[in-house]
Amino acid sequence: MSDYISRDVAIIEFMDNDIDHIQAPNGKEAVQILSDIPAADVVLVVHGRWLPQKENHEFKEAWMKCSVCGYPVSRWTGNTNFCPSCGAKMDAQGEE
């Protein structure tokens, strides 16, 4: 898994460590400064959209499905901003 750091924190750390004195040829000091910055708490955001499905004749309802995972939901209960199955944010336009 990748580590993500805050750009602002990295800039502050380099400024606090007097960047003019960091050894550029081998970069060991720069690597150490970056390694000491704690990882940021981030979440991957997946974007999707609701796709129309055929009517479910058993329930006489129109259905939709998530474009990311295919999870089916009723048009009446599933018109939400997030897929209840995979958590995709339903704000994508066109094809993913």
# chains A, B, ... in the order shown; residues from 1 in each chain; ligands from 1
call {"tool": "residues_around", "arguments": {"residues": "Lys65 (chain A)", "least_positions_apart": "2", "cutoff": "9 Å", "atoms": "only C-alpha atoms", "output": "list in words"}}
result
Arg49, Trp50, Leu51, Pro52, Gln53, Trp63, Ser67, Val68, Cys69, Gly70, Tyr71, Pro72, Val73, Ser74, Gly78 and Cys83 of chain A
call {"tool": "write_last_selection", "arguments": {"atoms": "N, CA and C atoms", "output": "CSV table (one decimal), in the first residue's frame"}}
result
chain,number,residue,atom,x,y,z
A,49,ARG,N,-21.9,5.8,-11.4
A,49,ARG,CA,-23.2,6.4,-11.7
A,49,ARG,C,-24.2,5.3,-11.7
A,50,TRP,N,-25.5,5.7,-11.5
A,50,TRP,CA,-26.6,4.7,-11.6
A,50,TRP,C,-26.9,4.5,-13.0
A,51,LEU,N,-27.0,3.2,-13.4
A,51,LEU,CA,-27.4,2.8,-14.7
A,51,LEU,C,-28.8,2.2,-14.7
A,52,PRO,N,-29.6,2.5,-15.7
A,52,PRO,CA,-31.0,2.0,-15.7
A,52,PRO,C,-31.0,0.5,-15.9
A,53,GLN,N,-31.9,-0.2,-15.3
A,53,GLN,CA,-32.1,-1.6,-15.4
A,53,GLN,C,-33.5,-1.9,-15.9
A,63,TRP,N,-35.6,-0.6,-11.7
A,63,TRP,CA,-34.3,-0.8,-11.0
A,63,TRP,C,-33.2,-0.1,-11.6
A,67,SER,N,-22.6,1.4,-11.6
A,67,SER,CA,-21.7,1.2,-12.8
A,67,SER,C,-20.4,0.6,-12.4
A,68,VAL,N,-20.1,0.6,-11.1
A,68,VAL,CA,-18.8,0.1,-10.6
A,68,VAL,C,-18.9,-1.4,-10.3
A,69,CYS,N,-19.9,-1.7,-9.4
A,69,CYS,CA,-20.0,-3.1,-8.9
A,69,CYS,C,-21.2,-3.9,-9.5
A,70,GLY,N,-22.1,-3.2,-10.1
A,70,GLY,CA,-23.3,-3.8,-10.6
A,70,GLY,C,-24.4,-4.1,-9.6
A,71,TYR,N,-24.3,-3.6,-8.4
A,71,TYR,CA,-25.2,-3.8,-7.3
A,71,TYR,C,-26.6,-3.2,-7.7
A,72,PRO,N,-27.7,-4.0,-7.7
A,72,PRO,CA,-29.0,-3.5,-8.1
A,72,PRO,C,-29.7,-2.8,-6.9
A,73,VAL,N,-30.4,-1.7,-7.2
A,73,VAL,CA,-31.2,-1.1,-6.2
A,73,VAL,C,-32.5,-0.6,-6.9
A,74,SER,N,-33.5,-0.5,-6.1
A,74,SER,CA,-34.8,0.0,-6.6
A,74,SER,C,-34.7,1.5,-6.9
A,78,GLY,N,-33.0,3.6,-4.0
A,78,GLY,CA,-31.6,3.6,-4.3
A,78,GLY,C,-31.1,4.9,-4.9
A,83,CYS,N,-23.1,4.2,-3.5
A,83,CYS,CA,-23.6,2.8,-3.7
A,83,CYS,C,-23.5,2.2,-2.3
call {"tool": "select_by_dssp", "arguments": {"residues": "region 30-71 of chain A", "states": "helix (DSSP H, G or I)", "output": "list in words"}}
result
Ala30, Val31, Gln32, Ile33, Leu34, Ser35 and Asp36 of chain A
call {"tool": "residues_around", "arguments": {"residues": "Asn81 (chain A)", "least_positions_apart": "3", "cutoff": "10 Å", "atoms": "only C-alpha atoms", "output": "PyMOL selection string"}}
result
chain A and resi 48-50+78+84+87-91
call {"tool": "closest_residue", "arguments": {"among": "A:Ala92, A:Cys66, A:Lys54, A:Ser35", "to": "Tyr4 (chain A)", "atoms": "only C-alpha atoms"}}
result
A:Ser35
call {"tool": "closest_residue", "arguments": {"among": "A:Ile5, A:Arg75, A:Val46, A:Met15", "to": "Leu34 (chain A)", "atoms": "only C-alpha atoms"}}
result
A:Ile5
call {"tool": "residues_around", "arguments": {"residues": "Ile37 (chain A)", "least_positions_apart": "2", "cutoff": "9 Å", "atoms": "only C-alpha atoms", "output": "ChimeraX atom specification"}}
result
/A:5-6,9-10,13,32-35,39-40
